[in-house]
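For reference, start_19.cif (mmCIF, C-alpha atoms):
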data_work
#
loop_
_atom_site.label_atom_id
_atom_site.label_comp_id
_atom_site.auth_asym_id
_atom_site.auth_seq_id
_atom_site.Cartn_x
_atom_site.Cartn_y
_atom_site.Cartn_z
CA MET Q 1 46.26 -64.20 39.59
CA SER Q 2 44.90 -60.71 40.19
CA SER Q 3 46.97 -57.62 39.76
CA THR Q 4 46.71 -54.38 41.74
CA ARG Q 5 47.45 -50.85 40.61
CA THR Q 6 49.71 -48.75 42.76
CA THR Q 7 50.13 -45.00 42.81
CA PRO Q 8 53.56 -43.88 41.61
CA PRO Q 9 55.65 -42.80 44.56
CA SER Q 10 56.26 -39.12 45.03
CA PRO Q 11 59.78 -37.81 44.51
CA ALA Q 12 62.01 -38.30 47.50
CA GLY Q 13 61.91 -35.51 50.00
CA THR Q 14 58.90 -33.70 48.51
CA GLY Q 15 56.07 -35.41 50.38
CA ARG Q 16 53.65 -34.38 47.60
CA SER Q 17 52.19 -36.15 44.59
CA VAL Q 18 53.46 -35.27 41.13
CA ARG Q 19 51.28 -32.69 39.35
CA ARG Q 20 50.25 -33.55 35.86
CA PRO Q 21 51.04 -31.16 32.99
CA GLY Q 22 47.35 -30.38 32.53
CA ASP Q 23 47.04 -29.38 36.19
CA ARG Q 24 50.05 -27.10 35.90
CA VAL Q 25 48.67 -25.47 32.75
CA PHE Q 26 45.27 -24.91 34.33
CA ALA Q 27 46.78 -23.51 37.53
CA GLY Q 28 48.97 -21.15 35.52
CA ALA Q 29 46.07 -20.01 33.36
CA ALA Q 30 43.88 -19.35 36.40
CA LYS Q 31 46.67 -17.43 38.11
CA GLY Q 32 47.34 -15.43 34.95
CA ALA Q 33 43.66 -14.57 34.58
CA GLY Q 34 43.53 -13.33 38.17
CA ILE Q 35 46.62 -11.19 37.68
CA LEU Q 36 45.22 -9.83 34.39
CA ILE Q 37 42.02 -8.75 36.12
CA LEU Q 38 44.01 -6.91 38.78
CA VAL Q 39 46.14 -5.21 36.12
CA ILE Q 40 43.04 -4.08 34.20
CA LEU Q 41 41.43 -2.83 37.40
CA ALA Q 42 44.57 -0.88 38.28
CA GLY Q 43 44.71 0.55 34.76
CA VAL Q 44 41.09 1.74 34.97
CA ALA Q 45 41.75 3.32 38.37
CA ALA Q 46 44.89 5.06 37.09
CA PHE Q 47 43.06 6.41 34.04
CA LEU Q 48 40.22 7.79 36.16
CA VAL Q 49 42.60 9.43 38.61
CA VAL Q 50 44.74 11.04 35.89
CA GLU Q 51 41.75 12.36 33.96
CA ALA Q 52 40.01 13.57 37.13
CA VAL Q 53 42.98 15.62 38.38
CA PRO Q 54 42.13 18.73 36.27
CA ALA Q 55 38.63 18.78 37.78
CA LEU Q 56 39.98 18.19 41.27
CA THR Q 57 42.34 21.16 40.98
CA ALA Q 58 40.10 23.49 38.96
CA PRO Q 59 38.55 26.61 40.54
CA ALA Q 60 34.95 26.20 41.71
CA GLU Q 61 33.58 28.58 39.08
CA ASP Q 62 34.98 26.42 36.26
CA ILE Q 63 32.99 23.37 37.40
CA PRO Q 64 29.47 23.05 35.95
CA GLY Q 65 27.09 24.75 38.35
CA GLY Q 66 29.79 27.10 39.64
CA SER Q 67 29.79 25.66 43.16
CA GLY Q 68 32.75 23.33 42.98
CA LEU Q 69 33.31 19.65 42.35
CA ALA Q 70 31.96 18.44 45.70
CA ALA Q 71 28.67 20.29 45.19
CA TYR Q 72 28.41 18.82 41.69
CA VAL Q 73 29.14 15.22 42.64
CA ALA Q 74 27.29 15.03 45.97
CA PRO Q 75 23.73 14.98 44.53
CA LEU Q 76 24.80 12.38 41.96
CA VAL Q 77 26.27 10.13 44.64
CA PHE Q 78 23.13 10.55 46.72
CA GLY Q 79 20.86 9.70 43.78
CA THR Q 80 22.97 6.68 42.85
CA LEU Q 81 22.86 5.25 46.36
CA LEU Q 82 19.17 6.03 46.84
CA ALA Q 83 18.06 4.32 43.63
CA ALA Q 84 20.29 1.29 44.31
CA VAL Q 85 19.06 0.92 47.90
CA ILE Q 86 15.41 1.07 46.79
CA ALA Q 87 16.11 -1.59 44.17
CA LEU Q 88 17.87 -3.84 46.67
CA LEU Q 89 15.17 -3.49 49.33
CA VAL Q 90 12.52 -4.52 46.81
CA ALA Q 91 14.43 -7.17 44.86
CA ALA Q 92 16.28 -9.09 47.60
CA PRO Q 93 13.25 -10.39 49.58
CA LEU Q 94 11.34 -11.11 46.38
CA ALA Q 95 14.32 -12.96 44.88
CA VAL Q 96 14.75 -15.11 47.99
CA ALA Q 97 11.02 -15.93 47.98
CA ILE Q 98 11.18 -16.88 44.28
CA ALA Q 99 14.25 -19.04 44.86
CA LEU Q 100 12.60 -20.87 47.75
CA PHE Q 101 9.38 -21.40 45.81
CA ILE Q 102 11.19 -22.76 42.77
CA GLY Q 103 13.48 -24.97 44.83
CA TYR Q 104 11.14 -26.35 47.48
CA TYR Q 105 7.49 -25.67 46.70
CA ALA Q 106 6.83 -25.69 42.96
CA PRO Q 107 6.36 -29.00 41.09
CA ARG Q 108 9.42 -30.08 39.12
CA ARG Q 109 8.09 -29.15 35.68
CA MET Q 110 6.76 -25.81 36.88
CA ALA Q 111 10.02 -25.11 38.70
CA GLN Q 112 12.07 -25.59 35.53
CA GLY Q 113 9.82 -23.26 33.54
CA LEU Q 114 9.80 -20.60 36.24
CA GLY Q 115 13.57 -20.81 36.57
CA TYR Q 116 14.05 -20.25 32.84
CA LEU Q 117 11.53 -17.40 32.88
CA VAL Q 118 13.24 -15.57 35.73
CA ASP Q 119 16.68 -16.08 34.18
CA LEU Q 120 15.35 -14.72 30.90
CA LEU Q 121 14.82 -11.34 32.55
CA ALA Q 122 18.61 -10.92 32.64
CA ALA Q 123 18.77 -11.12 28.83
CA ILE Q 124 16.49 -8.12 28.26
CA PRO Q 125 18.46 -4.98 27.30
CA SER Q 126 18.39 -2.14 29.79
CA ILE Q 127 16.95 0.27 27.24
CA VAL Q 128 13.91 -2.00 26.93
CA TYR Q 129 13.46 -1.79 30.69
CA GLY Q 130 13.67 1.98 30.36
CA PHE Q 131 10.92 2.10 27.74
CA TRP Q 132 8.79 -0.26 29.81
CA GLY Q 133 9.29 1.94 32.85
CA ILE Q 134 8.46 5.24 31.18
CA PHE Q 135 5.55 4.16 28.97
CA TRP Q 136 3.83 1.51 31.13
CA LEU Q 137 5.00 1.42 34.74
CA ALA Q 138 5.24 5.17 35.40
CA PRO Q 139 1.65 6.05 34.30
CA LYS Q 140 0.28 3.07 36.27
CA LEU Q 141 1.96 4.32 39.44
CA VAL Q 142 0.59 7.89 39.32
CA PRO Q 143 -2.66 7.04 41.21
CA PHE Q 144 -0.62 5.15 43.80
CA TYR Q 145 1.67 8.14 44.29
CA GLU Q 146 -1.34 10.42 44.75
CA TRP Q 147 -2.69 8.01 47.37
CA LEU Q 148 0.66 8.02 49.16
CA GLU Q 149 0.66 11.82 49.21
CA ARG Q 150 -2.84 11.95 50.69
CA ARG Q 151 -2.36 9.21 53.28
CA LEU Q 152 1.34 9.34 54.11
CA GLY Q 153 2.30 12.86 53.12
CA PHE Q 154 3.54 13.57 56.65
CA ILE Q 155 6.47 11.22 55.94
CA PRO Q 156 9.29 13.01 54.07
CA LEU Q 157 9.58 10.12 51.61
CA PHE Q 158 6.03 10.75 50.35
CA ALA Q 159 5.68 14.49 50.97
CA GLY Q 160 4.80 15.23 47.35
CA PRO Q 161 3.54 16.93 45.36
CA ALA Q 162 3.03 13.69 43.48
CA SER Q 163 4.44 13.60 39.98
CA THR Q 164 1.86 13.70 37.20
CA THR Q 165 4.06 11.61 34.92
CA GLY Q 166 5.28 8.99 37.39
CA ARG Q 167 8.92 9.59 36.45
CA THR Q 168 10.17 9.56 40.02
CA MET Q 169 13.01 8.09 42.02
CA LEU Q 170 10.70 5.36 43.32
CA THR Q 171 9.80 4.36 39.75
CA ALA Q 172 13.47 4.22 38.80
CA GLY Q 173 14.18 2.09 41.87
CA LEU Q 174 11.39 -0.34 40.96
CA VAL Q 175 12.72 -0.68 37.41
CA LEU Q 176 16.19 -1.39 38.80
CA ALA Q 177 14.66 -3.95 41.17
CA VAL Q 178 13.22 -5.88 38.22
CA MET Q 179 16.57 -5.70 36.47
CA ILE Q 180 18.59 -7.13 39.36
CA LEU Q 181 15.94 -9.67 40.34
CA PRO Q 182 17.24 -12.50 38.09
CA ILE Q 183 20.81 -12.06 39.38
CA VAL Q 184 19.89 -12.32 43.06
CA SER Q 185 17.30 -15.03 42.42
CA ALA Q 186 19.60 -17.24 40.35
CA ILE Q 187 22.42 -17.13 42.89
CA SER Q 188 20.04 -17.71 45.80
CA ARG Q 189 18.40 -20.64 44.03
CA GLU Q 190 21.72 -22.34 43.33
CA VAL Q 191 22.87 -21.85 46.91
CA PHE Q 192 19.63 -23.22 48.36
CA LEU Q 193 19.82 -26.29 46.16
CA GLN Q 194 23.30 -27.05 47.50
CA VAL Q 195 21.99 -27.64 51.03
CA PRO Q 196 22.92 -31.24 51.99
CA SER Q 197 19.93 -33.53 51.76
CA LEU Q 198 20.82 -35.00 55.18
CA HIS Q 199 20.20 -31.60 56.77
CA ARG Q 200 16.76 -31.31 55.20
CA GLU Q 201 15.80 -34.90 55.89
CA ALA Q 202 16.95 -34.66 59.50
CA ALA Q 203 14.76 -31.60 60.09
CA LEU Q 204 11.75 -33.29 58.52
CA ALA Q 205 12.39 -36.48 60.47
CA LEU Q 206 12.25 -34.51 63.71
CA GLY Q 207 8.73 -33.38 62.82
CA ALA Q 208 9.48 -29.98 61.26
CA THR Q 209 7.13 -28.59 58.66
CA ARG Q 210 8.45 -27.60 55.27
CA TRP Q 211 8.77 -23.96 56.30
CA GLU Q 212 10.46 -24.90 59.58
CA MET Q 213 12.88 -27.09 57.63
CA ILE Q 214 13.67 -24.14 55.34
CA ARG Q 215 14.10 -21.80 58.31
CA MET Q 216 16.35 -24.16 60.29
CA ALA Q 217 18.34 -25.90 57.55
CA VAL Q 218 18.15 -24.03 54.24
CA LEU Q 219 18.35 -20.35 55.18
CA PRO Q 220 21.30 -20.67 57.61
CA TYR Q 221 23.25 -22.69 55.04
CA GLY Q 222 22.62 -20.24 52.19
CA ARG Q 223 22.81 -16.95 54.10
CA SER Q 224 26.28 -16.02 52.92
CA GLY Q 225 25.38 -16.88 49.32
CA VAL Q 226 22.26 -14.73 49.47
CA ILE Q 227 24.29 -11.82 50.81
CA GLY Q 228 26.83 -12.25 48.01
CA GLY Q 229 24.08 -12.36 45.38
CA ALA Q 230 22.42 -9.27 46.85
CA MET Q 231 25.69 -7.36 46.74
CA LEU Q 232 26.24 -8.45 43.15
CA GLY Q 233 22.78 -7.14 42.29
CA LEU Q 234 23.57 -3.93 44.15
CA GLY Q 235 26.66 -3.47 42.00
CA ARG Q 236 24.49 -3.82 38.88
CA ALA Q 237 22.04 -1.25 40.23
CA LEU Q 238 24.81 1.22 41.06
CA GLY Q 239 26.17 1.17 37.51
CA GLU Q 240 22.92 1.06 35.53
CA THR Q 241 22.73 3.84 32.95
CA MET Q 242 20.12 3.81 30.21
CA ALA Q 243 17.09 2.63 32.17
CA VAL Q 244 17.57 5.32 34.81
CA ALA Q 245 18.35 7.99 32.22
CA ILE Q 246 15.09 7.22 30.39
CA VAL Q 247 12.80 6.86 33.41
CA LEU Q 248 14.02 9.48 35.87
CA SER Q 249 12.92 13.10 35.67
CA VAL Q 250 15.98 15.01 36.90
CA SER Q 251 15.97 18.40 38.56
CA GLY Q 252 19.13 18.17 40.66
CA GLY Q 253 19.58 18.68 44.38
CA ILE Q 254 19.34 16.27 47.28
CA THR Q 255 15.89 15.20 48.41
CA PHE Q 256 14.37 12.15 50.08
CA ASN Q 257 11.02 12.75 48.39
CA LEU Q 258 10.44 9.63 46.30
CA ILE Q 259 7.20 10.56 44.50
CA SER Q 260 7.77 14.11 43.25
CA SER Q 261 9.13 15.27 39.90
CA GLY Q 262 12.20 16.80 41.56
CA ASN Q 263 14.86 14.08 41.71
CA PRO Q 264 18.64 13.86 41.83
CA SER Q 265 20.26 12.05 38.95
CA THR Q 266 22.62 9.10 39.22
CA ILE Q 267 26.28 9.19 38.27
CA ALA Q 268 26.03 6.77 35.36
CA ALA Q 269 22.89 8.36 33.92
CA ASN Q 270 24.36 11.85 34.24
CA ILE Q 271 27.52 10.81 32.38
CA ALA Q 272 25.47 9.26 29.58
CA LEU Q 273 23.29 12.36 29.20
CA GLU Q 274 25.97 15.03 29.53
CA PHE Q 275 29.03 13.52 27.85
CA PRO Q 276 28.02 14.05 24.16
CA GLU Q 277 27.80 17.83 24.63
CA SER Q 278 30.75 18.24 27.02
CA SER Q 279 34.27 19.43 26.32
CA GLY Q 280 37.34 20.53 28.22
CA ILE Q 281 36.94 20.70 31.99
CA ASP Q 282 33.37 19.43 31.73
CA ILE Q 283 34.67 16.05 30.53
CA ASN Q 284 37.16 15.93 33.40
CA THR Q 285 34.31 16.67 35.80
CA LEU Q 286 32.28 13.78 34.43
CA ILE Q 287 35.29 11.49 34.72
CA ALA Q 288 35.75 12.66 38.32
CA SER Q 289 32.16 11.63 39.03
CA GLY Q 290 32.96 8.30 37.38
CA LEU Q 291 35.89 7.96 39.77
CA ALA Q 292 33.45 8.45 42.66
CA LEU Q 293 31.26 5.66 41.25
CA PHE Q 294 34.33 3.43 40.89
CA VAL Q 295 35.23 3.98 44.55
CA ILE Q 296 31.66 3.31 45.67
CA THR Q 297 31.43 0.09 43.68
CA LEU Q 298 34.80 -1.08 44.95
CA ALA Q 299 33.79 -0.32 48.54
CA VAL Q 300 30.50 -2.20 48.12
CA ASN Q 301 32.30 -5.26 46.76
CA MET Q 302 34.88 -5.19 49.54
CA LEU Q 303 32.13 -4.87 52.14
CA ALA Q 304 30.23 -7.74 50.56
CA ARG Q 305 33.31 -9.94 50.65
CA ALA Q 306 33.91 -9.11 54.29
CA VAL Q 307 30.28 -9.83 55.20
CA VAL Q 308 30.27 -13.11 53.28
CA ASN Q 309 33.51 -14.27 54.90
CA ARG Q 310 32.26 -13.32 58.34
CA ARG Q 311 28.88 -14.99 57.90
CA ALA Q 312 30.48 -18.13 56.43
CA ASP Q 313 32.16 -18.77 59.79
CA PHE Q 314 28.74 -19.09 61.42
CA SER Q 315 26.68 -20.57 58.59
CA GLY Q 316 24.92 -23.90 58.58
CA ALA Q 317 27.55 -25.16 56.13
CA ASN Q 318 29.99 -25.41 59.02
#

Could you spell out this file's structure in structure tokens?
Amino acid sequence: MSSTRTTPPSPAGTGRSVRRPGDRVFAGAAKGAGILILVILAGVAAFLVVEAVPALTAPAEDIPGGSGLAAYVAPLVFGTLLAAVIALLVAAPLAVAIALFIGYYAPRRMAQGLGYLVDLLAAIPSIVYGFWGIFWLAPKLVPFYEWLERRLGFIPLFAGPASTTGRTMLTAGLVLAVMILPIVSAISREVFLQVPSLHREAALALGATRWEMIRMAVLPYGRSGVIGGAMLGLGRALGETMAVAIVLSVSGGITFNLISSGNPSTIAANIALEFPESSGIDINTLIASGLALFVITLAVNMLARAVVNRRADFSGAN
């Protein structure tokens, strides 16, 4: 005589199954962690606002440079966004190409080795990237910058004069691109590998080539994940400190010239360089610039979440 197992009935009137103690503990821990993150974020925001108030209310002549807080922060915000955008424009297409090659073109053994190698880039300290950028990459790029000035000098981005040391905004952006490459590539690779096999096999069965299969089945499915990974890499680029501080030759001001020695600094690099010798209102000014970076990073993350949610409604996953 065979016996059957039955599910215990739910309590009368609830219409739901009984949650186990482990489920309740995990749900409470996850909820508590989320609340803790929000509390920490609010505490950081409150600290920045309180410490930035003296700089916000100080006379213009008391702010470093003597032109007021807005004139002090504006070039830093511009330099931060410019370096991060350069890094994202270089790293995002390259990361997607690497993810596709590892996931769908490389042999299995080669794919595993390449995946580990790309992920290993994330473990290198930023100061090492800075030394690599200033001692190896920057001198190698000087002839290229001179060529850009001769051939494309009519474009404001390459107006020159070309830097003789290579310590330019374009060099800093390339170093940041290498730094964020493993982040964007790893997320893109994981998203692409989650594409249902039925989608890929259906495209191939209809006569599509491998690239056509990727274009019709893989990229639409993983578009929102790629955007999220790119925004995560952008957040890393916005907050990078030591690599930019080492590589970039700073002269202040706002300029779109990417190959000259006159470059705006970034907020994080400026704080790292100026904080040890600052006191009084100068510290409050640096914290005010940090508040600007906090707002920018928060806005980028909110925009990324909105884009991901919007694209998810039209992705191949649905």

Exercise for review: On this file, the PyMOL selection byres ((chain Q and resi 282) around 12) gives some set of residues; write that set as a ChimeraX atom specification.
Suggested key: /Q:51-52,54-56,58,61-66,68-69,72,271,274-281,283-289

Exercise for review: Pick out the residues sitting within 6 Å of stretch 236-241 of chain Q, and hand them over as an NGL selection string; count only C-alpha atoms, and ignore anything fewer than 4 positions along from it in its own chain.
Suggested key: :Q and (84 or 268-269)

Practice item. For the structure provided, state which residues fall under the PyMOL selection byres ((chain Q and resi 294) around 12), and present them as a PyMOL selection string. Key: chain Q and resi 41-42+44-49+77+80+235+238-239+267-268+287-293+295-301

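Here atom CA of Q:Ala172 is placed at a distance of 23.0 Å from atom CA of Q:Ala71.
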
Practice item. Can you turn the PyMOL selection byres ((chain Q and resi 134) around 9) into a concrete residue list for this file, as a PyMOL selection string? Key: chain Q and resi 129-133+135-139+165-167+171+246-248

Report the centre and edge lengths, in Å to one decimal, of an axis-aligned box enclosing every atom of stretch 40-58 of chain Q listed in the file, padded by 6 Å on each side, as AutoDock Vina command-line options.
--center_x 41.8 --center_y 9.7 --center_z 37.6 --size_x 18.3 --size_y 39.6 --size_z 19.3

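Proximity ranking of Q:Leu148, Q:Ser126, Q:Ala92, Q:Glu212 relative to Q:Gly228 places Q:Ala92 first, based on only C-alpha atoms.
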
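Going from atom CA of Q:Ala83 over to atom CA of Q:Gly222, you cover 26.4 Å.
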
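Minimum atom-to-atom distance to Q:Ser251, evaluated using all atoms listed in the file, belongs to Q:Gly79 out of Q:Gly233, Q:Pro21, Q:Gly79, Q:Gly43.
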
Check your understanding: Between Q:Met179, Q:Leu89, Q:Val307, Q:Ile259, which has the minimum distance to Q:Phe158 (counting all atoms listed in the file)?
Key -> Q:Ile259

Practice item. Write out as a count of residues only which residues come within 9 Å of stretch 190-203 of chain Q when counting all atoms listed in the file, dropping same-chain ones fewer than 3 positions away. Key: 26

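Note that the spacing between atom CA of Q:Phe101 and atom CA of Q:Gly115 amounts to 10.2 Å.
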
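Nearest residue to Q:Ala123 among Q:Gly252, Q:Pro182, Q:Gly262, Q:Gly28 is Q:Pro182, counting all atoms listed in the file.
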